[in-house]
Each structure stands twice: as structure tokens, then as C-alpha cells.
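A short write-up of the structure that comes next.
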Amino acid sequence: MTRFPDVNWSNVKSPVVATTAIAGVLGVWLWSRWKRDATPTAVPDTVQLGRRSDEITLIGFPRVSDVVSSCSPYVAKVEAWLRFVGLPYTRKNGAPSDSPKGQLPVILHGKNTIGDSYFIIKYLEQTYPEVVMQASPEEQAMSVAVQHLVDDFLNKGLGYYRWVHPEGWEGVKRHFLKEVPQPMRAWLLERMRPKVRSAMTIQGLARHSERDILWMLDEALAALSAILGGKKYILGNQPCIADACAFGFLDSVLFDTECIAPELREAAMQYDNLVSYTERIRCAYFEGELTWEETASFGS
Ligand SMILES: N[C@@H](CCC(=O)N[C@@H](CS)C(=O)NCC(=O)O)C(=O)O
């Protein structure tokens with residue numbers, strides 16, 4: 001019969017226990033991350049219908065600098081749209097973990113919790129059909145194209161000039177998460193930055209030189225400016241979802257002078273119609289909440 005060599009357990013036990021414990025903790029952590037990323041939302045947002053009498057609570061991030069809504073252009077988009085269509089809501093600050101999708105904005109409406117600015121608006125349009133703007137197929141197409149131009153490209157540029165660019169990052173460190181005490185705040189922000197950078201590398205933007213990024217953003221800003229032209233809003237006299245997107249982006253770019261590197265603001269300020277449009281929306285829909293004083297020097 002094979003005889004196993006004698007093992008001195010007093011030497012072996014603690015490394016084995018330690019390794020097992022570390023492997024266990026690592027396993028649970030990996031599993032919880034996988035579960036978080038892999039779990040689909042139980043009900044597709046597009047089929048959810050709310051109860052009209054329920055109150056709407058919008059959860060976003062705190063304001064920074066002189067922006068009128070939130071440092072997140074997506075939160076500002078939803079807030080602007082709610083004001084455009086006149087749906088009453090309560091605004092609260094929260095954290096991405098408040099959302100089933102792990103990002104803000106999110107709305108609470110009765111028993112429903114809806115994440116993502118696109119689906120929040122779709123859900124509210126389904127629940128309150130009277131707020132849906134009547135538009136021709138061409139106008140609808142233009143609105144969808146502008147929504148994607150802003151949400152999927154310009155806002156990524158904003159993120160680059162805030163989180164990746166060293167000047168934006170210095171501002172983020174000074175002004176973001178002020179409600180969290182140090183050193184936790186610095187630790188959280190340092191953890192978030194590589195996440196944002198790697199998302200931008202996967203998306204592609206952060207692979208280009210800074211000069212080329214600005215070139216692309218400037219072209220997109222020129223396109224937005226040309227689409228707006230001399231009109232009051234993107235589709236004419238009434239603001240639509242595309243205006244909410246454009247406003248969410250432009251309000252941060254023009255009025256967050258602390259946490260976005262200035263190159264992006266300078267690029268946007270070349271377009272007088274975009275500047276006066278942003279001011280117009282601030283005055284029409286956020287009156288009484290404006291803290292900035294240099295209004296008169298902006299646009300016409
Ligand atoms: N597609 C989403 C994008 C929302 C988004 O990117 N939110 C960011 C703030 S601007 C966020 O919550 N980030 C936290 C995270 O990803 O951990 C929407 O339209 O609502």
C-alpha cells in the first residue's frame with residue numbers, strides 16, 4: 001500500500017487556510033460582479049406603464065459650478081425634458097447604485113424604478129401620452145439623429161475633457177462627491193477614473209490624440225449649430241427631446257468652468273447660436289435657479 005509522506009501540518013495549515021480564504025473572497029467578489037453585470041432587468045422598460053397619479057422622483061448628481069441641473073448631462077437632459085413638457089417632479093441626489101442599471105439618472109414612479117435617460121423619457125411618454133410631441137417623420141428622424149449625436153458622441157467628449165484630461169481631472173478632484181468625507185472621497189474618485197478611461201478606450205475616443213479628439217468634437221458642434229440655425233429650438237418653436245439632450249450637454253460645457261478642461265468650452269463658444277440657445281433655455285425653464293452672473297456677455 002502506498003504510504004503518503006508525513007506532513008507537518010503546523011507548517012502547512014496557515015498558508016492553506018489563508019489561500020483558501022483569499023480564493024473564497026475573490027470568488028465571491030468575482031461572482032457578485034459577474035451577477036451584477038450579467039443580470040438583465042426583469043421587465044423591459046419599453047413595456048412598463050406607470051400609474052398616472054404616482055409622483056415622479058428624479059435621482060441625479062449634485063450640481064457643480066454654475067450648471068443649472070447636474071454635472072451629468074444625462075440627468076440634466078431628463079430634468080430639462082420634464083420641464084419642457086411640464087410634468088411635476090421631485091429632484092433628489094443619489095448614487096449610481098440607486099439605479100437598476102448602475103448609472104444615473106433614474107426615476108422612481110410608484111412601484112417602478114426606471115434607469116437610463118432614453119428609457120425614462122420613453123416610459124413617461126407611454127404613461128402620459130399627452131406630452132408626446134407631434135412631429136412629422138422627417139422631424140422625428142432629425143430628433144433621433146441629434147439625440148444620438150449628443151448622447152453617444154458629444155457627451156463622451158465631455159467625459160474625456162472632465163475625467164481624462166488633466167485639467168478637468170484636477171477640477172473633478174476638487175468638486176465632485178463633496179458630500180463624501182476624505183479620504184474616502186479621493187479613494188472613490190481615483191477608482192472611478194480608470195473605469196471611465198477604459199470605457200472611453202473601448203468606445204474608441206481615448207485612443208486618439210487630444211488634437212484629433214477636439215477636431216472631431218468641433219465638427220459635431222458645427223453640425224449641431226447648423227441644425228439649430230436661426231431657429232428657437234431644434235424643430236422650431238417648441239422644445240423636443242433632442243433639445244433636452246443638447247441642453248444637458250451645452251449647459252455643462254458652457255457653465256461648468258471648474259471641472260471641464262477649457263478647450264471644449266472654447267470650441268463651443270465659437271457658435272453664437274448654441275450659446276444663446278443654452279442661455280434661452282436656462283432663462284425659460286430654470287429661472288430663479290440661475291447663479292451665474294455673466295449672462296449679458298453670452299451670445300445675443
Ligand atoms: N445611457 C445612460 C448614460 C448615463 C450615464 O452615463 N451616467 C453616468 C454619469 S454621466 C453614471 O452614472 N456613471 C456612473 C457609472 O457608470 O458607474 C443614460 O442615457 O442615462
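By order of appearance in the C-alpha cells: chains A, B, ..., then residues from 1 within every chain, and ligands from 1 in the order shown.
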
Give the residue list for ligand 1 at 8 Å, counting only C-alpha atoms and all ligand atoms, as a PyMOL selection string, sorted by chain and then by residue number. chain A and resi 71-75+95-96+102-106+115-119+151+159+192+196

Using the selection just defined, write its residues with N, CA and C atoms as a PDB file, in the first residue's frame.
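To be explicit, this is the file written out as out32.pdb:
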```pdb
ATOM      1  N   CYS A  71     -24.151  67.699 -12.814  1.00  0.00           N
ATOM      2  CA  CYS A  71     -22.880  67.531 -13.538  1.00  0.00           C
ATOM      3  C   CYS A  71     -23.027  66.438 -14.597  1.00  0.00           C
ATOM      4  N   SER A  72     -24.078  65.620 -14.513  1.00  0.00           N
ATOM      5  CA  SER A  72     -24.287  64.593 -15.537  1.00  0.00           C
ATOM      6  C   SER A  72     -25.185  65.145 -16.633  1.00  0.00           C
ATOM      7  N   PRO A  73     -24.706  65.151 -17.887  1.00  0.00           N
ATOM      8  CA  PRO A  73     -25.560  65.674 -18.967  1.00  0.00           C
ATOM      9  C   PRO A  73     -26.821  64.843 -19.158  1.00  0.00           C
ATOM     10  N   TYR A  74     -26.782  63.570 -18.737  1.00  0.00           N
ATOM     11  CA  TYR A  74     -27.966  62.718 -18.910  1.00  0.00           C
ATOM     12  C   TYR A  74     -29.036  63.058 -17.861  1.00  0.00           C
ATOM     13  N   VAL A  75     -28.592  63.415 -16.666  1.00  0.00           N
ATOM     14  CA  VAL A  75     -29.546  63.844 -15.636  1.00  0.00           C
ATOM     15  C   VAL A  75     -30.147  65.189 -16.059  1.00  0.00           C
ATOM     16  N   ALA A  95     -26.865  57.972  -5.794  1.00  0.00           N
ATOM     17  CA  ALA A  95     -25.641  57.334  -6.281  1.00  0.00           C
ATOM     18  C   ALA A  95     -26.017  56.339  -7.377  1.00  0.00           C
ATOM     19  N   PRO A  96     -25.057  56.000  -8.267  1.00  0.00           N
ATOM     20  CA  PRO A  96     -25.362  55.046  -9.338  1.00  0.00           C
ATOM     21  C   PRO A  96     -25.963  53.736  -8.816  1.00  0.00           C
ATOM     22  N   GLY A 102     -27.152  50.729 -12.712  1.00  0.00           N
ATOM     23  CA  GLY A 102     -25.855  51.134 -12.148  1.00  0.00           C
ATOM     24  C   GLY A 102     -25.377  52.493 -12.614  1.00  0.00           C
ATOM     25  N   GLN A 103     -26.286  53.294 -13.200  1.00  0.00           N
ATOM     26  CA  GLN A 103     -25.910  54.638 -13.626  1.00  0.00           C
ATOM     27  C   GLN A 103     -27.073  55.580 -13.335  1.00  0.00           C
ATOM     28  N   LEU A 104     -26.757  56.866 -13.211  1.00  0.00           N
ATOM     29  CA  LEU A 104     -27.807  57.875 -13.068  1.00  0.00           C
ATOM     30  C   LEU A 104     -27.920  58.616 -14.385  1.00  0.00           C
ATOM     31  N   PRO A 105     -29.128  59.083 -14.750  1.00  0.00           N
ATOM     32  CA  PRO A 105     -30.316  59.254 -13.926  1.00  0.00           C
ATOM     33  C   PRO A 105     -31.134  57.986 -13.776  1.00  0.00           C
ATOM     34  N   VAL A 106     -32.014  58.062 -12.731  1.00  0.00           N
ATOM     35  CA  VAL A 106     -33.016  57.040 -12.531  1.00  0.00           C
ATOM     36  C   VAL A 106     -34.267  57.773 -12.036  1.00  0.00           C
ATOM     37  N   GLY A 115     -34.239  53.253 -15.121  1.00  0.00           N
ATOM     38  CA  GLY A 115     -32.921  53.842 -15.315  1.00  0.00           C
ATOM     39  C   GLY A 115     -32.679  54.130 -16.787  1.00  0.00           C
ATOM     40  N   ASP A 116     -31.765  55.056 -17.057  1.00  0.00           N
ATOM     41  CA  ASP A 116     -31.331  55.440 -18.401  1.00  0.00           C
ATOM     42  C   ASP A 116     -32.254  56.525 -18.972  1.00  0.00           C
ATOM     43  N   SER A 117     -31.625  57.654 -19.334  1.00  0.00           N
ATOM     44  CA  SER A 117     -32.412  58.811 -19.781  1.00  0.00           C
ATOM     45  C   SER A 117     -33.334  58.471 -20.948  1.00  0.00           C
ATOM     46  N   TYR A 118     -32.860  57.645 -21.855  1.00  0.00           N
ATOM     47  CA  TYR A 118     -33.684  57.289 -23.026  1.00  0.00           C
ATOM     48  C   TYR A 118     -34.966  56.579 -22.576  1.00  0.00           C
ATOM     49  N   PHE A 119     -34.796  55.574 -21.718  1.00  0.00           N
ATOM     50  CA  PHE A 119     -35.955  54.773 -21.316  1.00  0.00           C
ATOM     51  C   PHE A 119     -36.846  55.517 -20.318  1.00  0.00           C
ATOM     52  N   ASP A 151     -25.881  62.238 -27.192  1.00  0.00           N
ATOM     53  CA  ASP A 151     -25.726  61.234 -26.125  1.00  0.00           C
ATOM     54  C   ASP A 151     -24.551  60.289 -26.395  1.00  0.00           C
ATOM     55  N   GLY A 159     -17.063  63.825 -21.268  1.00  0.00           N
ATOM     56  CA  GLY A 159     -16.449  62.911 -20.286  1.00  0.00           C
ATOM     57  C   GLY A 159     -14.931  62.911 -20.411  1.00  0.00           C
ATOM     58  N   MET A 192     -12.718  55.590  -9.806  1.00  0.00           N
ATOM     59  CA  MET A 192     -13.623  55.810 -10.933  1.00  0.00           C
ATOM     60  C   MET A 192     -12.862  56.202 -12.203  1.00  0.00           C
ATOM     61  N   VAL A 196     -13.572  55.078 -16.190  1.00  0.00           N
ATOM     62  CA  VAL A 196     -14.049  55.978 -17.260  1.00  0.00           C
ATOM     63  C   VAL A 196     -13.071  55.915 -18.441  1.00  0.00           C
TER      64      VAL A 196
END
```

Running DSSP on the backbone, which parts of segment 35-164 of chain A land in strand (DSSP E or B), as a PyMOL selection string? chain A and resi 56-60+90-93+106-109+112-115

What would the file look like if the residues just selected were written as a compact mmCIF listing (two decimals), in the first residue's frame with N, CA and C atoms?
```txt
# COMPACT_ATOMS: atom_id res chain seq x y z
N ILE A 56 -43.38 61.59 -9.54
CA ILE A 56 -42.10 61.28 -10.21
C ILE A 56 -40.96 61.82 -9.34
N THR A 57 -40.02 60.95 -9.02
CA THR A 57 -38.80 61.42 -8.33
C THR A 57 -37.62 61.17 -9.25
N LEU A 58 -36.90 62.23 -9.54
CA LEU A 58 -35.71 62.11 -10.40
C LEU A 58 -34.48 62.08 -9.51
N ILE A 59 -33.69 61.01 -9.65
CA ILE A 59 -32.46 60.93 -8.85
C ILE A 59 -31.28 61.23 -9.75
N GLY A 60 -30.49 62.22 -9.32
CA GLY A 60 -29.33 62.62 -10.11
C GLY A 60 -28.15 62.92 -9.21
N THR A 90 -40.02 65.61 -8.24
CA THR A 90 -39.16 65.99 -7.13
C THR A 90 -37.76 65.55 -7.50
N ARG A 91 -36.80 66.38 -7.16
CA ARG A 91 -35.41 66.07 -7.51
C ARG A 91 -34.65 65.66 -6.26
N LYS A 92 -33.93 64.52 -6.35
CA LYS A 92 -33.09 64.10 -5.21
C LYS A 92 -31.71 63.73 -5.72
N ASN A 93 -30.73 63.88 -4.86
CA ASN A 93 -29.40 63.42 -5.23
C ASN A 93 -29.22 61.99 -4.75
N VAL A 106 -32.01 58.06 -12.73
CA VAL A 106 -33.02 57.04 -12.53
C VAL A 106 -34.27 57.77 -12.04
N ILE A 107 -35.45 57.24 -12.37
CA ILE A 107 -36.66 57.83 -11.75
C ILE A 107 -37.38 56.77 -10.94
N LEU A 108 -38.00 57.24 -9.87
CA LEU A 108 -38.88 56.40 -9.07
C LEU A 108 -40.29 56.87 -9.37
N HIS A 109 -41.16 55.94 -9.69
CA HIS A 109 -42.54 56.29 -10.05
C HIS A 109 -43.42 55.18 -9.53
N ASN A 112 -42.43 51.49 -9.80
CA ASN A 112 -41.45 51.33 -10.89
C ASN A 112 -40.19 52.16 -10.67
N THR A 113 -39.05 51.56 -11.00
CA THR A 113 -37.77 52.27 -10.98
C THR A 113 -37.19 52.14 -12.37
N ILE A 114 -37.03 53.28 -13.06
CA ILE A 114 -36.57 53.21 -14.45
C ILE A 114 -35.24 53.93 -14.57
N GLY A 115 -34.24 53.25 -15.12
CA GLY A 115 -32.92 53.84 -15.31
C GLY A 115 -32.68 54.13 -16.79
```

Quick one: everything within 8 Å of segment 239-246 of chain A, counting only C-alpha atoms, minus sequence neighbours fewer than 2 positions away in the same chain. Send it as a PyMOL selection string. chain A and resi 73-74+76-78+80-81+84+133+143-144+146-147+150-151+233-237+248-250

Taking 4 positions as the minimum chain separation for residues in the same chain, which residues sit within 12 Å of Val172 of chain A when counting only C-alpha atoms? Answer as a list in words. Val64, Ser65, Cys71, Gly159, Tyr160, Tyr161, Arg162, Trp163, Val164, His165, Pro166, Glu167, Gly168, Phe176, Leu177, Lys178, Arg185, Ala186, Leu188, Leu189, Glu190, Met192, Arg193, Asp256, Thr257, Glu258, Cys259, Ile260 and Ala261 of chain A

Selected residues, N, CA and C atoms, written as a PDB file, in the first residue's frame, please.
```pdb
ATOM      1  N   VAL A  64     -22.647  71.088 -10.095  1.00  0.00           N
ATOM      2  CA  VAL A  64     -21.292  71.611  -9.892  1.00  0.00           C
ATOM      3  C   VAL A  64     -21.211  72.943 -10.618  1.00  0.00           C
ATOM      4  N   SER A  65     -20.287  73.770 -10.170  1.00  0.00           N
ATOM      5  CA  SER A  65     -20.025  75.033 -10.841  1.00  0.00           C
ATOM      6  C   SER A  65     -21.339  75.775 -11.057  1.00  0.00           C
ATOM      7  N   CYS A  71     -24.151  67.699 -12.814  1.00  0.00           N
ATOM      8  CA  CYS A  71     -22.880  67.531 -13.538  1.00  0.00           C
ATOM      9  C   CYS A  71     -23.027  66.438 -14.597  1.00  0.00           C
ATOM     10  N   GLY A 159     -17.063  63.825 -21.268  1.00  0.00           N
ATOM     11  CA  GLY A 159     -16.449  62.911 -20.286  1.00  0.00           C
ATOM     12  C   GLY A 159     -14.931  62.911 -20.411  1.00  0.00           C
ATOM     13  N   TYR A 160     -14.441  62.971 -21.648  1.00  0.00           N
ATOM     14  CA  TYR A 160     -12.986  62.987 -21.868  1.00  0.00           C
ATOM     15  C   TYR A 160     -12.373  64.249 -21.248  1.00  0.00           C
ATOM     16  N   TYR A 161     -12.992  65.406 -21.533  1.00  0.00           N
ATOM     17  CA  TYR A 161     -12.420  66.668 -21.028  1.00  0.00           C
ATOM     18  C   TYR A 161     -12.613  66.837 -19.518  1.00  0.00           C
ATOM     19  N   ARG A 162     -13.434  65.977 -18.938  1.00  0.00           N
ATOM     20  CA  ARG A 162     -13.643  66.047 -17.494  1.00  0.00           C
ATOM     21  C   ARG A 162     -12.761  65.018 -16.767  1.00  0.00           C
ATOM     22  N   TRP A 163     -12.787  63.789 -17.231  1.00  0.00           N
ATOM     23  CA  TRP A 163     -12.160  62.710 -16.456  1.00  0.00           C
ATOM     24  C   TRP A 163     -10.764  62.338 -16.933  1.00  0.00           C
ATOM     25  N   VAL A 164     -10.498  62.481 -18.217  1.00  0.00           N
ATOM     26  CA  VAL A 164      -9.207  62.025 -18.742  1.00  0.00           C
ATOM     27  C   VAL A 164      -8.229  63.192 -18.842  1.00  0.00           C
ATOM     28  N   HIS A 165      -8.685  64.314 -19.351  1.00  0.00           N
ATOM     29  CA  HIS A 165      -7.813  65.482 -19.497  1.00  0.00           C
ATOM     30  C   HIS A 165      -7.333  65.943 -18.110  1.00  0.00           C
ATOM     31  N   PRO A 166      -6.019  66.178 -17.956  1.00  0.00           N
ATOM     32  CA  PRO A 166      -5.517  66.506 -16.598  1.00  0.00           C
ATOM     33  C   PRO A 166      -6.174  67.732 -15.972  1.00  0.00           C
ATOM     34  N   GLU A 167      -6.518  68.746 -16.776  1.00  0.00           N
ATOM     35  CA  GLU A 167      -7.129  69.952 -16.166  1.00  0.00           C
ATOM     36  C   GLU A 167      -8.536  69.678 -15.657  1.00  0.00           C
ATOM     37  N   GLY A 168      -9.298  68.895 -16.433  1.00  0.00           N
ATOM     38  CA  GLY A 168     -10.645  68.521 -15.990  1.00  0.00           C
ATOM     39  C   GLY A 168     -10.557  67.687 -14.723  1.00  0.00           C
ATOM     40  N   PHE A 176     -16.099  67.128  -7.181  1.00  0.00           N
ATOM     41  CA  PHE A 176     -17.050  66.006  -7.232  1.00  0.00           C
ATOM     42  C   PHE A 176     -17.126  65.303  -5.882  1.00  0.00           C
ATOM     43  N   LEU A 177     -18.275  64.689  -5.618  1.00  0.00           N
ATOM     44  CA  LEU A 177     -18.506  63.876  -4.412  1.00  0.00           C
ATOM     45  C   LEU A 177     -18.194  64.635  -3.127  1.00  0.00           C
ATOM     46  N   LYS A 178     -18.530  65.936  -3.105  1.00  0.00           N
ATOM     47  CA  LYS A 178     -18.199  66.752  -1.926  1.00  0.00           C
ATOM     48  C   LYS A 178     -18.887  66.242  -0.669  1.00  0.00           C
ATOM     49  N   ARG A 185     -13.432  60.011  -0.250  1.00  0.00           N
ATOM     50  CA  ARG A 185     -13.785  60.716  -1.483  1.00  0.00           C
ATOM     51  C   ARG A 185     -12.665  60.589  -2.522  1.00  0.00           C
ATOM     52  N   ALA A 186     -11.429  60.851  -2.092  1.00  0.00           N
ATOM     53  CA  ALA A 186     -10.289  60.769  -3.016  1.00  0.00           C
ATOM     54  C   ALA A 186     -10.150  59.333  -3.519  1.00  0.00           C
ATOM     55  N   LEU A 188     -12.501  57.021  -3.826  1.00  0.00           N
ATOM     56  CA  LEU A 188     -13.581  56.690  -4.770  1.00  0.00           C
ATOM     57  C   LEU A 188     -13.299  57.297  -6.145  1.00  0.00           C
ATOM     58  N   LEU A 189     -12.884  58.559  -6.139  1.00  0.00           N
ATOM     59  CA  LEU A 189     -12.625  59.230  -7.430  1.00  0.00           C
ATOM     60  C   LEU A 189     -11.456  58.571  -8.162  1.00  0.00           C
ATOM     61  N   GLU A 190     -10.398  58.232  -7.422  1.00  0.00           N
ATOM     62  CA  GLU A 190      -9.244  57.565  -8.045  1.00  0.00           C
ATOM     63  C   GLU A 190      -9.652  56.207  -8.620  1.00  0.00           C
ATOM     64  N   MET A 192     -12.718  55.590  -9.806  1.00  0.00           N
ATOM     65  CA  MET A 192     -13.623  55.810 -10.933  1.00  0.00           C
ATOM     66  C   MET A 192     -12.862  56.202 -12.203  1.00  0.00           C
ATOM     67  N   ARG A 193     -11.768  56.939 -12.047  1.00  0.00           N
ATOM     68  CA  ARG A 193     -11.096  57.474 -13.237  1.00  0.00           C
ATOM     69  C   ARG A 193     -10.648  56.381 -14.218  1.00  0.00           C
ATOM     70  N   ASP A 256     -19.982  74.848 -16.680  1.00  0.00           N
ATOM     71  CA  ASP A 256     -19.117  74.193 -15.698  1.00  0.00           C
ATOM     72  C   ASP A 256     -17.693  74.646 -15.990  1.00  0.00           C
ATOM     73  N   THR A 257     -17.308  75.716 -15.332  1.00  0.00           N
ATOM     74  CA  THR A 257     -15.982  76.274 -15.599  1.00  0.00           C
ATOM     75  C   THR A 257     -14.925  75.663 -14.675  1.00  0.00           C
ATOM     76  N   GLU A 258     -15.347  74.723 -13.826  1.00  0.00           N
ATOM     77  CA  GLU A 258     -14.399  74.181 -12.837  1.00  0.00           C
ATOM     78  C   GLU A 258     -13.893  72.788 -13.185  1.00  0.00           C
ATOM     79  N   CYS A 259     -14.768  71.948 -13.748  1.00  0.00           N
ATOM     80  CA  CYS A 259     -14.400  70.531 -13.876  1.00  0.00           C
ATOM     81  C   CYS A 259     -14.328  70.055 -15.327  1.00  0.00           C
ATOM     82  N   ILE A 260     -14.232  70.961 -16.270  1.00  0.00           N
ATOM     83  CA  ILE A 260     -14.057  70.550 -17.667  1.00  0.00           C
ATOM     84  C   ILE A 260     -12.913  71.385 -18.224  1.00  0.00           C
ATOM     85  N   ALA A 261     -11.946  70.728 -18.862  1.00  0.00           N
ATOM     86  CA  ALA A 261     -10.818  71.482 -19.421  1.00  0.00           C
ATOM     87  C   ALA A 261     -11.360  72.524 -20.404  1.00  0.00           C
TER      88      ALA A 261
END
```

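Among the candidates A:His208, A:Lys232, A:Lys111, A:Lys173, the one nearest to Glu55 of chain A when counting only C-alpha atoms is A:Lys111.
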
Can you pull out every residue within 9 Å of Lys156 of chain A, counting only C-alpha atoms, but drop anything in the same chain fewer than 6 positions away, and send it as a list of chain:residue names? A:Val150, A:Met200, A:Gln203, A:Leu205

Write the residues of the preceding selection, restricted to C-alpha atoms, as a PDB file, in the first residue's frame.
```pdb
ATOM      1  CA  VAL A 150     -25.235  64.283 -28.376  1.00  0.00           C
ATOM      2  CA  MET A 200     -13.511  55.508 -23.448  1.00  0.00           C
ATOM      3  CA  GLN A 203     -15.545  53.040 -27.175  1.00  0.00           C
ATOM      4  CA  LEU A 205     -12.381  58.092 -28.288  1.00  0.00           C
TER       5      LEU A 205
END
```

Determine the nearest neighbour of Leu228 of chain A from the options A:Ile202, A:Met269, A:Leu124, A:Leu274, counting only C-alpha atoms. A:Leu274

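The two atoms in question, atom CA of Tyr271 of chain A and atom CA of Ala222 of chain A, are spaced 7.4 Å apart.
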
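Separating atom CA of Pro44 of chain A from atom CA of Tyr123 of chain A is a distance of 10.4 Å.
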
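Residue neighbourhood of Ser225 of chain A, excluding near-sequence residues (fewer than 4 positions): Ala220, Leu221, Gly229, Tyr271, Asp272, Asn273 and Leu274 of chain A, at 9 Å, using only C-alpha atoms.
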
Atom CA of Phe247 of chain A sits from atom CA of Thr278 of chain A at a separation of 6.1 Å

Across A:Asp218, A:Asp54, A:Glu263, A:Asp66, the smallest distance to Asp251 of chain A, with only C-alpha atoms counted, is shown by A:Asp66
